[in-house]
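Below: the structure, in structure tokens.
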Amino acid sequence: MTSPLGFLNRSAGRLSRHRRRPIAGLLLLMLGLVLTGTLYAAFAPSSTADSAKSDDELAAQGRKLFLVGCAFCHGQNGEGVSTQDGNQLGPSLVGVGSAAVDFQVGTGRMPAVQPGAQNPTKPVTYTDDEIAALAAYVASLGPGPAVPDPSDYSLAGLSEKEREEAVARGGQIFLTNCTACHNFAGKGGAMPRGGYAPNLSDTSAKHIYEALLTGPGQMDTFSNGNLSPEEKRDVIAYLYSLREQPQYGGFDLGGMGPVSEGLFAWIVGIGSLVGFATWIAAHTARSSRKKEEAAA
Amino acid sequence: MSDDHNHLPELPGDDALDAHTGHGGELVPEEPIANPGLPEHEWRPTDVDPNAEKRAERQVAGLFALSAVCAVLFVVSYFAFQINGGGGGQTVDTVFGLGASNVALGASLGFALLFIGIGLIQWARKLMSDHEIVEMRHPARSSDEDRAETLRVLDLGVEESGITRRPLIRNSLLGAVGILLAPAVVMLKDLGKTNAQIEANPPYPGAGLEHTVWDTGMRVVRDVVGTPIRPGDLEIGDLLNAEPEIVFEVGDDGKPVLEGVSLQVAKSKGAVVLVRMDPDDNKPGPGRENWAVDGILCYSKICTHVGCPISLNERKTHHLLCPCHQSTFDLADAAKVVFGPAARPLPQLPLMVNDEGYLVAQSDFKEPVGPSYWERDSQQSTSK
């Protein structure tokens, strides 16, 4: 027998002539695997029980991750670390809540690569489960805003008309409260001392909601007493409507207002005018021939 | 067509030279290098080659034809593209994420004009006649005869009008022209009442430069939505853009209390920002110890420099920054100016809590909001 499963065939032999077929060994192996899997599923602790791990267990798991990835700057108990000359390495995380963790880690801002004016977004380091564990641990340090429920920010349940109303109201709220830093099109802008208000064009609804709740960096918080959950949802609806909106006026040039538009007008606009002026005033091609020669 | 290229003016050489030598009796030396004259004219290919000429002609006509095509495309695209988005199930036509109608209209009209322009220039450069023209310089000063003649005419005018001989007419004319200033000055009154006149008889609440619509007990409400605020609504770090409640108030007759100009004035002068900070962070100005409620502070949103609305706040430093000229106010220190061109701190609105538990104003602002004005000493500060 050349089959690697030949020994199965031999041990199962002599019972029946069908068992001697080469396929029989393979079938037996499959049967064994299926049985084992079924039995395991029947007797092993179910996976639903696993995901419903108690907050304590999740927090304990999060603490392990925290000690490895976060404690260097935020302290072993999340109390924050300050250098001797008063510079803060990492702020205290007591009372920032799970929403802050989900935002900072979920957008890749944390863990930070280096201290600086502001941590940029980057590819997310932790898995969703790990982020949930970290969030559970930090939430256990002190009461703070929790990760919002999808029903808080989801626009799915809204009718077309409700959605339009939400966009209109959210637009007004955004223009009153947010444009000072994030620009009228949500494209962000510069802040003092090297900081910046980030561009909101690609931020997920959950992360916008969490940022409003927790006020990352220098941002003011917009707690639920300040801006109600419906109003937050309306702001998100407005920001999402901006993404879907066709740009009637042509390319938005980054939506940064007079800076990029002026740059374009001066360089491309006036540049092409100079180009035309040069062409108009340039010497035309001249021929070395004389009229007599041509006539001849 | 003549091949002579005789469009050059005569060089002003010979006559001038002769006059000069004759004048002083001294000989001007001969020019050391002979005047080479102008270089021979070089013809364009289209002047000497009939084929090139035909080609250029077709080229120009083709550009004009392209322009006509673009103009037709403009008309077509005006009707072709759907621009009414939103309700009614209509959608906006787009191309590369841009509004298709705008792109098509702009591009077709732009190219229609551009092709006419390029065609005209090409026509002038390749086909229109190819003269070279030289214009010699001449002195800017008029000739002595012209100057004498001008003065003579002026003198004659003075003499014939008799203005020097008839002082009565001269003086009455000057008086009439001078008194014409009076109508112009009187019309300045239409610029409006003076601040004192407005204050004496305010046409609507909060009129005048020194007052706003804020008053004792007026609730502070959220801008846009108009809902009142309890201190417990705000957490430390919250920022809230707010307005006086009267802006959103509706009277018994179902009409807004303020409308038109009075509404706009109330909104623009009454706009405030509320921040809640750790009460320990706050360093209230003298006499302002009870102006905050649990660390909730209320400041005018109108920059004291030139009146831009400000709400660019840094939560950790409590610095409020004006986007127009970067004036920065420290909200934890009675809104003192820490940077920028503003000369005065932001006026602070004294807050208290009313019987129903809502945030209300203790009174109007204690100083005028907004930028400095003529009667006001911009350096004087009532807050620090």
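Numbering starts fresh at 1 for the residues of each chain in the structure tokens, the chains themselves are lettered A, B, ... in the order given, and ligands are numbered from 1 as they appear.
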
- Using the chain letters and numbers from this document, which residues of region 55-236 of chain A does DSSP assign to strand (DSSP E or B), as an MDAnalysis selection string? chainID A and resid 81:82 88:90 189:190 196:197 221

Output file for the selection above: C-alpha atoms, as a tab-separated table (two decimals), in the first residue's frame:
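selection_17.tsv written:
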```tsv
chain	number	residue	atom	x	y	z
A	81	VAL	CA	3.48	59.57	35.50
A	82	SER	CA	5.11	62.95	35.84
A	88	GLN	CA	3.57	64.80	32.32
A	89	LEU	CA	4.60	61.58	30.65
A	90	GLY	CA	1.10	60.19	30.64
A	189	GLY	CA	-7.24	72.77	11.54
A	190	ALA	CA	-4.18	73.96	13.42
A	196	TYR	CA	-4.20	70.22	15.57
A	197	ALA	CA	-7.87	69.43	15.37
A	221	THR	CA	-15.96	67.46	26.33
```

Per residue of chain B within 6 Å of chain A, what are the shortest atom pair and its distance in Å to one decimal, counting only C-alpha atoms, with rows by chain and residue number, as CSV?
```
residue,atom,partner,partner_atom,distance
B:Trp43,CA,A:Ser287,CA,5.5
B:Arg44,CA,A:Arg286,CA,4.4
B:Pro45,CA,A:Ser287,CA,5.1
B:Val48,CA,A:Lys291,CA,5.3
B:Gly97,CA,A:Pro246,CA,5.2
B:Leu98,CA,A:Gln247,CA,4.5
B:Gly99,CA,A:Tyr248,CA,4.1
B:Asp233,CA,A:Gly225,CA,4.0
B:Leu234,CA,A:Asn226,CA,5.6
B:Gly237,CA,A:Thr221,CA,5.4
B:Asp238,CA,A:Thr221,CA,4.5
B:Leu239,CA,A:Asp220,CA,5.7
B:Ser311,CA,A:Ala180,CA,5.9
B:Leu312,CA,A:Ala180,CA,5.1
B:Glu314,CA,A:Gln218,CA,4.9
B:Arg315,CA,A:Gln218,CA,4.9
B:Lys316,CA,A:Gln218,CA,5.8
```

So that I have them on file, write out the residues from the current selection with all heavy atoms, as a compact mmCIF listing (two decimals), in the first residue's frame.
```txt
# COMPACT_ATOMS: atom_id res chain seq x y z
N TRP B 43 10.85 86.85 -42.74
CA TRP B 43 9.44 86.53 -42.94
C TRP B 43 9.04 85.30 -42.17
O TRP B 43 9.85 84.45 -41.85
CB TRP B 43 9.14 86.34 -44.43
CG TRP B 43 9.33 87.59 -45.21
CD1 TRP B 43 10.41 87.92 -45.96
CD2 TRP B 43 8.44 88.69 -45.26
NE1 TRP B 43 10.27 89.16 -46.51
CE2 TRP B 43 9.06 89.66 -46.08
CE3 TRP B 43 7.20 88.98 -44.71
CZ2 TRP B 43 8.45 90.89 -46.37
CZ3 TRP B 43 6.61 90.17 -45.01
CH2 TRP B 43 7.23 91.12 -45.81
N ARG B 44 7.75 85.20 -41.87
CA ARG B 44 7.22 84.01 -41.19
C ARG B 44 6.99 82.92 -42.23
O ARG B 44 6.79 83.23 -43.41
CB ARG B 44 5.89 84.34 -40.51
CG ARG B 44 6.00 85.43 -39.48
CD ARG B 44 4.64 85.89 -39.03
NE ARG B 44 3.86 86.40 -40.15
CZ ARG B 44 2.69 87.02 -40.00
NH1 ARG B 44 2.18 87.18 -38.80
NH2 ARG B 44 2.03 87.46 -41.05
N PRO B 45 6.98 81.70 -41.82
CA PRO B 45 6.70 80.62 -42.78
C PRO B 45 5.39 80.86 -43.52
O PRO B 45 5.28 80.57 -44.71
CB PRO B 45 6.63 79.37 -41.91
CG PRO B 45 7.43 79.69 -40.71
CD PRO B 45 7.30 81.16 -40.49
N VAL B 48 5.79 83.13 -46.61
CA VAL B 48 6.55 82.70 -47.79
C VAL B 48 6.07 81.35 -48.32
O VAL B 48 6.41 80.98 -49.43
CB VAL B 48 8.05 82.60 -47.46
CG1 VAL B 48 8.61 84.00 -47.22
CG2 VAL B 48 8.31 81.72 -46.26
N GLY B 97 -17.41 62.38 -8.51
CA GLY B 97 -17.76 62.97 -7.23
C GLY B 97 -18.04 64.46 -7.29
O GLY B 97 -18.26 65.09 -6.28
N LEU B 98 -18.05 65.03 -8.47
CA LEU B 98 -18.36 66.45 -8.61
C LEU B 98 -19.74 66.59 -9.23
O LEU B 98 -20.21 65.67 -9.90
CB LEU B 98 -17.33 67.13 -9.52
CG LEU B 98 -15.87 66.88 -9.18
CD1 LEU B 98 -14.97 67.43 -10.27
CD2 LEU B 98 -15.53 67.54 -7.86
N GLY B 99 -20.37 67.72 -9.02
CA GLY B 99 -21.67 67.95 -9.63
C GLY B 99 -21.52 68.01 -11.15
O GLY B 99 -20.81 68.85 -11.69
N ASP B 233 -25.86 69.49 34.44
CA ASP B 233 -25.76 68.97 33.07
C ASP B 233 -24.31 68.94 32.60
O ASP B 233 -23.96 68.16 31.73
CB ASP B 233 -26.55 69.87 32.11
CG ASP B 233 -28.05 69.75 32.34
OD1 ASP B 233 -28.45 68.80 33.02
OD2 ASP B 233 -28.79 70.62 31.83
N LEU B 234 -23.52 69.84 33.14
CA LEU B 234 -22.17 70.02 32.62
C LEU B 234 -21.16 69.28 33.48
O LEU B 234 -21.26 69.29 34.71
CB LEU B 234 -21.82 71.51 32.57
CG LEU B 234 -22.73 72.37 31.70
CD1 LEU B 234 -22.22 73.80 31.66
CD2 LEU B 234 -22.83 71.81 30.30
N GLY B 237 -14.71 70.24 32.07
CA GLY B 237 -14.16 70.09 30.73
C GLY B 237 -15.17 70.39 29.64
O GLY B 237 -14.80 70.47 28.48
N ASP B 238 -16.42 70.54 30.00
CA ASP B 238 -17.44 70.83 29.00
C ASP B 238 -17.34 72.28 28.53
O ASP B 238 -17.04 73.18 29.31
CB ASP B 238 -18.84 70.61 29.59
CG ASP B 238 -19.34 69.20 29.31
OD1 ASP B 238 -18.57 68.42 28.71
OD2 ASP B 238 -20.47 68.88 29.69
N LEU B 239 -17.61 72.48 27.25
CA LEU B 239 -17.76 73.81 26.70
C LEU B 239 -19.11 73.89 26.03
O LEU B 239 -19.55 72.94 25.40
CB LEU B 239 -16.67 74.12 25.68
CG LEU B 239 -16.88 75.41 24.88
CD1 LEU B 239 -15.65 76.28 24.94
CD2 LEU B 239 -17.22 75.12 23.44
N SER B 311 -14.86 80.46 19.81
CA SER B 311 -15.13 79.32 20.67
C SER B 311 -14.07 78.26 20.52
O SER B 311 -14.31 77.10 20.77
CB SER B 311 -16.52 78.75 20.41
OG SER B 311 -16.60 78.30 19.08
N LEU B 312 -12.88 78.65 20.07
CA LEU B 312 -11.80 77.69 19.91
C LEU B 312 -11.09 77.59 21.26
O LEU B 312 -10.26 78.41 21.60
CB LEU B 312 -10.86 78.19 18.82
CG LEU B 312 -9.92 77.23 18.13
CD1 LEU B 312 -9.41 77.84 16.85
CD2 LEU B 312 -8.77 76.84 19.00
N GLU B 314 -9.05 75.52 24.41
CA GLU B 314 -8.18 74.42 24.79
C GLU B 314 -8.59 73.98 26.19
O GLU B 314 -8.46 74.74 27.14
CB GLU B 314 -6.72 74.87 24.81
CG GLU B 314 -6.12 75.02 23.45
CD GLU B 314 -4.62 75.18 23.55
OE1 GLU B 314 -4.16 76.12 24.21
OE2 GLU B 314 -3.90 74.33 23.01
N ARG B 315 -9.05 72.75 26.28
CA ARG B 315 -9.66 72.29 27.52
C ARG B 315 -8.67 72.32 28.69
O ARG B 315 -9.01 72.75 29.78
CB ARG B 315 -10.18 70.87 27.33
CG ARG B 315 -10.80 70.26 28.56
CD ARG B 315 -11.47 68.96 28.21
NE ARG B 315 -10.56 68.01 27.59
CZ ARG B 315 -9.83 67.13 28.27
NH1 ARG B 315 -9.92 67.07 29.57
NH2 ARG B 315 -9.02 66.31 27.64
N LYS B 316 -7.43 71.89 28.45
CA LYS B 316 -6.51 71.72 29.58
C LYS B 316 -5.94 73.05 30.05
O LYS B 316 -5.70 73.24 31.23
CB LYS B 316 -5.37 70.79 29.19
CG LYS B 316 -5.85 69.37 28.94
CD LYS B 316 -4.68 68.52 28.48
CE LYS B 316 -5.13 67.13 28.08
NZ LYS B 316 -4.06 66.40 27.38
```

- Message: Considering only C-alpha atoms, can you say which of B:Glu199, B:Gly254, B:Asn282, B:Ser77 comes closest to Leu109 (chain B)?
- Response: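 Smallest separation from Leu109 (chain B) among the options: B:Ser77.
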
Which neighbours of Gly217 (chain B) fall inside 12 Å, counting only C-alpha atoms, when residues of the same chain fewer than 2 positions from it are skipped, and could you give them as a PDB file with N, CA and C atoms, in the first residue's frame?
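So result-v7.pdb came out as:
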```
ATOM      1  N   VAL B 213     -28.791  92.302  25.761  1.00  0.00           N
ATOM      2  CA  VAL B 213     -30.138  91.893  26.121  1.00  0.00           C
ATOM      3  C   VAL B 213     -30.157  91.112  27.446  1.00  0.00           C
ATOM      4  N   TRP B 214     -28.961  90.740  27.947  1.00  0.00           N
ATOM      5  CA  TRP B 214     -28.902  90.020  29.214  1.00  0.00           C
ATOM      6  C   TRP B 214     -29.482  90.876  30.346  1.00  0.00           C
ATOM      7  N   ASP B 215     -30.160  90.213  31.265  1.00  0.00           N
ATOM      8  CA  ASP B 215     -30.749  90.945  32.374  1.00  0.00           C
ATOM      9  C   ASP B 215     -30.819  89.995  33.568  1.00  0.00           C
ATOM     10  N   ARG B 219     -32.437  83.309  31.643  1.00  0.00           N
ATOM     11  CA  ARG B 219     -31.794  82.001  31.597  1.00  0.00           C
ATOM     12  C   ARG B 219     -30.772  81.935  30.466  1.00  0.00           C
ATOM     13  N   VAL B 220     -29.720  81.171  30.748  1.00  0.00           N
ATOM     14  CA  VAL B 220     -28.707  80.899  29.737  1.00  0.00           C
ATOM     15  C   VAL B 220     -29.151  79.633  29.018  1.00  0.00           C
ATOM     16  N   PRO B 244     -28.809  84.210  25.253  1.00  0.00           N
ATOM     17  CA  PRO B 244     -29.856  84.572  26.215  1.00  0.00           C
ATOM     18  C   PRO B 244     -31.195  83.953  25.787  1.00  0.00           C
ATOM     19  N   GLU B 245     -32.007  83.584  26.759  1.00  0.00           N
ATOM     20  CA  GLU B 245     -33.232  82.844  26.435  1.00  0.00           C
ATOM     21  C   GLU B 245     -34.178  83.643  25.550  1.00  0.00           C
ATOM     22  N   ILE B 246     -34.138  84.969  25.678  1.00  0.00           N
ATOM     23  CA  ILE B 246     -35.100  85.803  24.938  1.00  0.00           C
ATOM     24  C   ILE B 246     -34.961  85.619  23.434  1.00  0.00           C
ATOM     25  N   LEU B 349     -19.975  87.297  32.213  1.00  0.00           N
ATOM     26  CA  LEU B 349     -21.376  87.414  32.625  1.00  0.00           C
ATOM     27  C   LEU B 349     -21.524  86.743  33.986  1.00  0.00           C
ATOM     28  N   PRO B 350     -21.964  87.503  35.006  1.00  0.00           N
ATOM     29  CA  PRO B 350     -22.119  86.876  36.328  1.00  0.00           C
ATOM     30  C   PRO B 350     -23.281  85.880  36.314  1.00  0.00           C
ATOM     31  N   LEU B 351     -22.998  84.671  36.792  1.00  0.00           N
ATOM     32  CA  LEU B 351     -24.001  83.605  36.764  1.00  0.00           C
ATOM     33  C   LEU B 351     -24.546  83.328  38.157  1.00  0.00           C
ATOM     34  N   MET B 352     -25.775  82.827  38.193  1.00  0.00           N
ATOM     35  CA  MET B 352     -26.317  82.265  39.424  1.00  0.00           C
ATOM     36  C   MET B 352     -27.335  81.206  39.019  1.00  0.00           C
ATOM     37  N   VAL B 353     -27.898  80.541  40.016  1.00  0.00           N
ATOM     38  CA  VAL B 353     -28.898  79.510  39.746  1.00  0.00           C
ATOM     39  C   VAL B 353     -30.240  80.028  40.252  1.00  0.00           C
ATOM     40  N   ASN B 354     -31.283  79.892  39.429  1.00  0.00           N
ATOM     41  CA  ASN B 354     -32.580  80.404  39.868  1.00  0.00           C
ATOM     42  C   ASN B 354     -33.335  79.336  40.674  1.00  0.00           C
ATOM     43  N   ASP B 355     -34.560  79.666  41.083  1.00  0.00           N
ATOM     44  CA  ASP B 355     -35.318  78.763  41.953  1.00  0.00           C
ATOM     45  C   ASP B 355     -35.560  77.406  41.306  1.00  0.00           C
ATOM     46  N   GLU B 356     -35.685  77.401  39.981  1.00  0.00           N
ATOM     47  CA  GLU B 356     -35.951  76.141  39.286  1.00  0.00           C
ATOM     48  C   GLU B 356     -34.679  75.334  39.043  1.00  0.00           C
ATOM     49  N   GLY B 357     -33.538  75.889  39.452  1.00  0.00           N
ATOM     50  CA  GLY B 357     -32.293  75.144  39.290  1.00  0.00           C
ATOM     51  C   GLY B 357     -31.603  75.371  37.965  1.00  0.00           C
ATOM     52  N   TYR B 358     -32.017  76.398  37.210  1.00  0.00           N
ATOM     53  CA  TYR B 358     -31.371  76.668  35.929  1.00  0.00           C
ATOM     54  C   TYR B 358     -30.354  77.785  36.081  1.00  0.00           C
ATOM     55  N   LEU B 359     -29.369  77.754  35.185  1.00  0.00           N
ATOM     56  CA  LEU B 359     -28.371  78.820  35.171  1.00  0.00           C
ATOM     57  C   LEU B 359     -28.996  80.086  34.603  1.00  0.00           C
ATOM     58  N   VAL B 360     -28.856  81.190  35.355  1.00  0.00           N
ATOM     59  CA  VAL B 360     -29.365  82.476  34.881  1.00  0.00           C
ATOM     60  C   VAL B 360     -28.293  83.540  35.100  1.00  0.00           C
ATOM     61  N   ALA B 361     -28.494  84.684  34.447  1.00  0.00           N
ATOM     62  CA  ALA B 361     -27.562  85.792  34.607  1.00  0.00           C
ATOM     63  C   ALA B 361     -27.912  86.558  35.878  1.00  0.00           C
ATOM     64  N   GLN B 362     -26.866  86.970  36.611  1.00  0.00           N
ATOM     65  CA  GLN B 362     -27.122  87.854  37.752  1.00  0.00           C
ATOM     66  C   GLN B 362     -27.517  89.238  37.278  1.00  0.00           C
ATOM     67  N   SER B 363     -26.956  89.635  36.115  1.00  0.00           N
ATOM     68  CA  SER B 363     -27.222  90.969  35.581  1.00  0.00           C
ATOM     69  C   SER B 363     -26.698  90.991  34.155  1.00  0.00           C
ATOM     70  N   ASP B 364     -26.793  92.144  33.529  1.00  0.00           N
ATOM     71  CA  ASP B 364     -26.142  92.332  32.233  1.00  0.00           C
ATOM     72  C   ASP B 364     -24.629  92.324  32.457  1.00  0.00           C
TER      73      ASP B 364
END
```

- How many Å separate CA of Ala271 (chain B) from CA of Ile302 (chain B)?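 Interatomic distance, CA of Ala271 (chain B) to CA of Ile302 (chain B): 7.2 Å.
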
- Item | Within 6 Å of region 339-344 of chain B using only C-alpha atoms, minus same-chain residues under 3 positions, as a PyMOL selection string | chain B and resi 304-305+326-328

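Those residues that approach Val247 (chain B) to within 8 Å, counting only C-alpha atoms, are Val257, Leu258, Leu263, Ala266 and Lys267 of chain B; same-chain residues fewer than 5 positions away are not listed.
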
- Message: Report, in Å to a single decimal, how far apart CA of Val96 (chain A) and CA of Gly144 (chain A) are.
- Response: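 Between CA of Gly144 (chain A) and CA of Val96 (chain A) the gap works out to 5.1 Å.
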
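Using only C-alpha atoms for every distance, the candidate list A:Ser154, A:Thr38, A:Thr203, A:Asn183 yields A:Ser154 as the residue closest to Ala237 (chain A).
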
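You will find CA of Asp253 (chain B) at 22.2 Å from CA of Val224 (chain B).
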
- Compare B:Val261, B:Val273, B:Ile229, B:Leu173 by their minimum atom-to-atom distance to Asn241 (chain B), counting only C-alpha atoms, and give me the closest one.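 Using only C-alpha atoms, Asn241 (chain B) sits closest to B:Val273.
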
- Message: Would you pick out the contacts of Val72 (chain B) at 10 Å or less, using only C-alpha atoms, so that residues sharing its chain but fewer than 5 positions from it are not included, and give the list as a list in words?
- Response: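 Listed by chain and then number, they are Leu66, Ser67, Ser77, Tyr78, Ser108, Leu109 and Ala112 of chain B.
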
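Considering only region 125-167 of chain A, backbone DSSP assigns alpha helix (DSSP H) to A:Asp128, A:Asp129, A:Glu130, A:Ile131, A:Ala132, A:Ala133, A:Leu134, A:Ala135, A:Ala136, A:Tyr137, A:Val138, A:Ala139, A:Pro150, A:Ser151, A:Asp152, A:Tyr153, A:Glu160, A:Lys161, A:Glu162, A:Arg163, A:Glu164, A:Glu165, A:Ala166, A:Val167.
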
With N, CA and C atoms retained, export the selected residues as an mmCIF file, in the first residue's frame.
```cif
data_model
loop_
_atom_site.group_PDB
_atom_site.id
_atom_site.type_symbol
_atom_site.label_atom_id
_atom_site.label_comp_id
_atom_site.auth_asym_id
_atom_site.auth_seq_id
_atom_site.Cartn_x
_atom_site.Cartn_y
_atom_site.Cartn_z
ATOM 1 N N ASP A 128 -9.822 43.865 18.752
ATOM 2 C CA ASP A 128 -11.027 44.392 19.394
ATOM 3 C C ASP A 128 -11.197 43.825 20.802
ATOM 4 N N ASP A 129 -10.901 42.514 20.943
ATOM 5 C CA ASP A 129 -11.045 41.893 22.260
ATOM 6 C C ASP A 129 -10.074 42.506 23.255
ATOM 7 N N GLU A 130 -8.857 42.740 22.800
ATOM 8 C CA GLU A 130 -7.858 43.326 23.699
ATOM 9 C C GLU A 130 -8.237 44.748 24.093
ATOM 10 N N ILE A 131 -8.790 45.499 23.105
ATOM 11 C CA ILE A 131 -9.223 46.868 23.416
ATOM 12 C C ILE A 131 -10.345 46.830 24.456
ATOM 13 N N ALA A 132 -11.258 45.857 24.278
ATOM 14 C CA ALA A 132 -12.366 45.741 25.240
ATOM 15 C C ALA A 132 -11.830 45.424 26.630
ATOM 16 N N ALA A 133 -10.801 44.562 26.687
ATOM 17 C CA ALA A 133 -10.226 44.206 27.983
ATOM 18 C C ALA A 133 -9.554 45.418 28.620
ATOM 19 N N LEU A 134 -8.764 46.146 27.807
ATOM 20 C CA LEU A 134 -8.107 47.357 28.320
ATOM 21 C C LEU A 134 -9.142 48.362 28.814
ATOM 22 N N ALA A 135 -10.213 48.513 28.018
ATOM 23 C CA ALA A 135 -11.259 49.464 28.391
ATOM 24 C C ALA A 135 -11.906 49.050 29.706
ATOM 25 N N ALA A 136 -12.129 47.737 29.872
ATOM 26 C CA ALA A 136 -12.748 47.262 31.107
ATOM 27 C C ALA A 136 -11.840 47.555 32.293
ATOM 28 N N TYR A 137 -10.527 47.375 32.092
ATOM 29 C CA TYR A 137 -9.607 47.642 33.196
ATOM 30 C C TYR A 137 -9.609 49.124 33.566
ATOM 31 N N VAL A 138 -9.493 49.995 32.555
ATOM 32 C CA VAL A 138 -9.439 51.428 32.843
ATOM 33 C C VAL A 138 -10.767 51.903 33.444
ATOM 34 N N ALA A 139 -11.881 51.326 32.962
ATOM 35 C CA ALA A 139 -13.184 51.704 33.521
ATOM 36 C C ALA A 139 -13.266 51.321 34.989
ATOM 37 N N PRO A 150 -24.237 50.994 19.965
ATOM 38 C CA PRO A 150 -24.481 51.368 18.561
ATOM 39 C C PRO A 150 -25.815 52.076 18.355
ATOM 40 N N SER A 151 -26.809 51.778 19.205
ATOM 41 C CA SER A 151 -28.106 52.436 19.019
ATOM 42 C C SER A 151 -28.013 53.930 19.314
ATOM 43 N N ASP A 152 -26.962 54.353 20.056
ATOM 44 C CA ASP A 152 -26.825 55.772 20.367
ATOM 45 C C ASP A 152 -26.473 56.591 19.134
ATOM 46 N N TYR A 153 -25.628 56.020 18.266
ATOM 47 C CA TYR A 153 -25.130 56.821 17.150
ATOM 48 C C TYR A 153 -25.567 56.292 15.797
ATOM 49 N N GLU A 160 -36.198 58.489 5.927
ATOM 50 C CA GLU A 160 -35.538 59.490 5.078
ATOM 51 C C GLU A 160 -35.759 60.902 5.622
ATOM 52 N N LYS A 161 -37.001 61.168 6.050
ATOM 53 C CA LYS A 161 -37.331 62.509 6.535
ATOM 54 C C LYS A 161 -36.629 62.804 7.861
ATOM 55 N N GLU A 162 -36.668 61.810 8.762
ATOM 56 C CA GLU A 162 -35.997 61.996 10.051
ATOM 57 C C GLU A 162 -34.508 62.246 9.846
ATOM 58 N N ARG A 163 -33.972 61.522 8.880
ATOM 59 C CA ARG A 163 -32.548 61.663 8.624
ATOM 60 C C ARG A 163 -32.233 63.066 8.121
ATOM 61 N N GLU A 164 -33.092 63.568 7.246
ATOM 62 C CA GLU A 164 -32.871 64.923 6.737
ATOM 63 C C GLU A 164 -32.940 65.940 7.865
ATOM 64 N N GLU A 165 -33.902 65.757 8.761
ATOM 65 C CA GLU A 165 -34.012 66.675 9.893
ATOM 66 C C GLU A 165 -32.780 66.596 10.777
ATOM 67 N N ALA A 166 -32.311 65.358 10.979
ATOM 68 C CA ALA A 166 -31.120 65.175 11.817
ATOM 69 C C ALA A 166 -29.927 65.874 11.191
ATOM 70 N N VAL A 167 -29.814 65.771 9.866
ATOM 71 C CA VAL A 167 -28.678 66.400 9.188
ATOM 72 C C VAL A 167 -28.755 67.920 9.334
#
```

- Task: Write out as a list in words each polymer residue whose atoms come within 6 Å of region 110-120 of chain A, counting only C-alpha atoms; drop sequence neighbours fewer than 2 positions from it.
- Result: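 Using only C-alpha atoms, the neighbours found are Gln104, Val105, Gly108, Gly194 and Gly195 of chain A.
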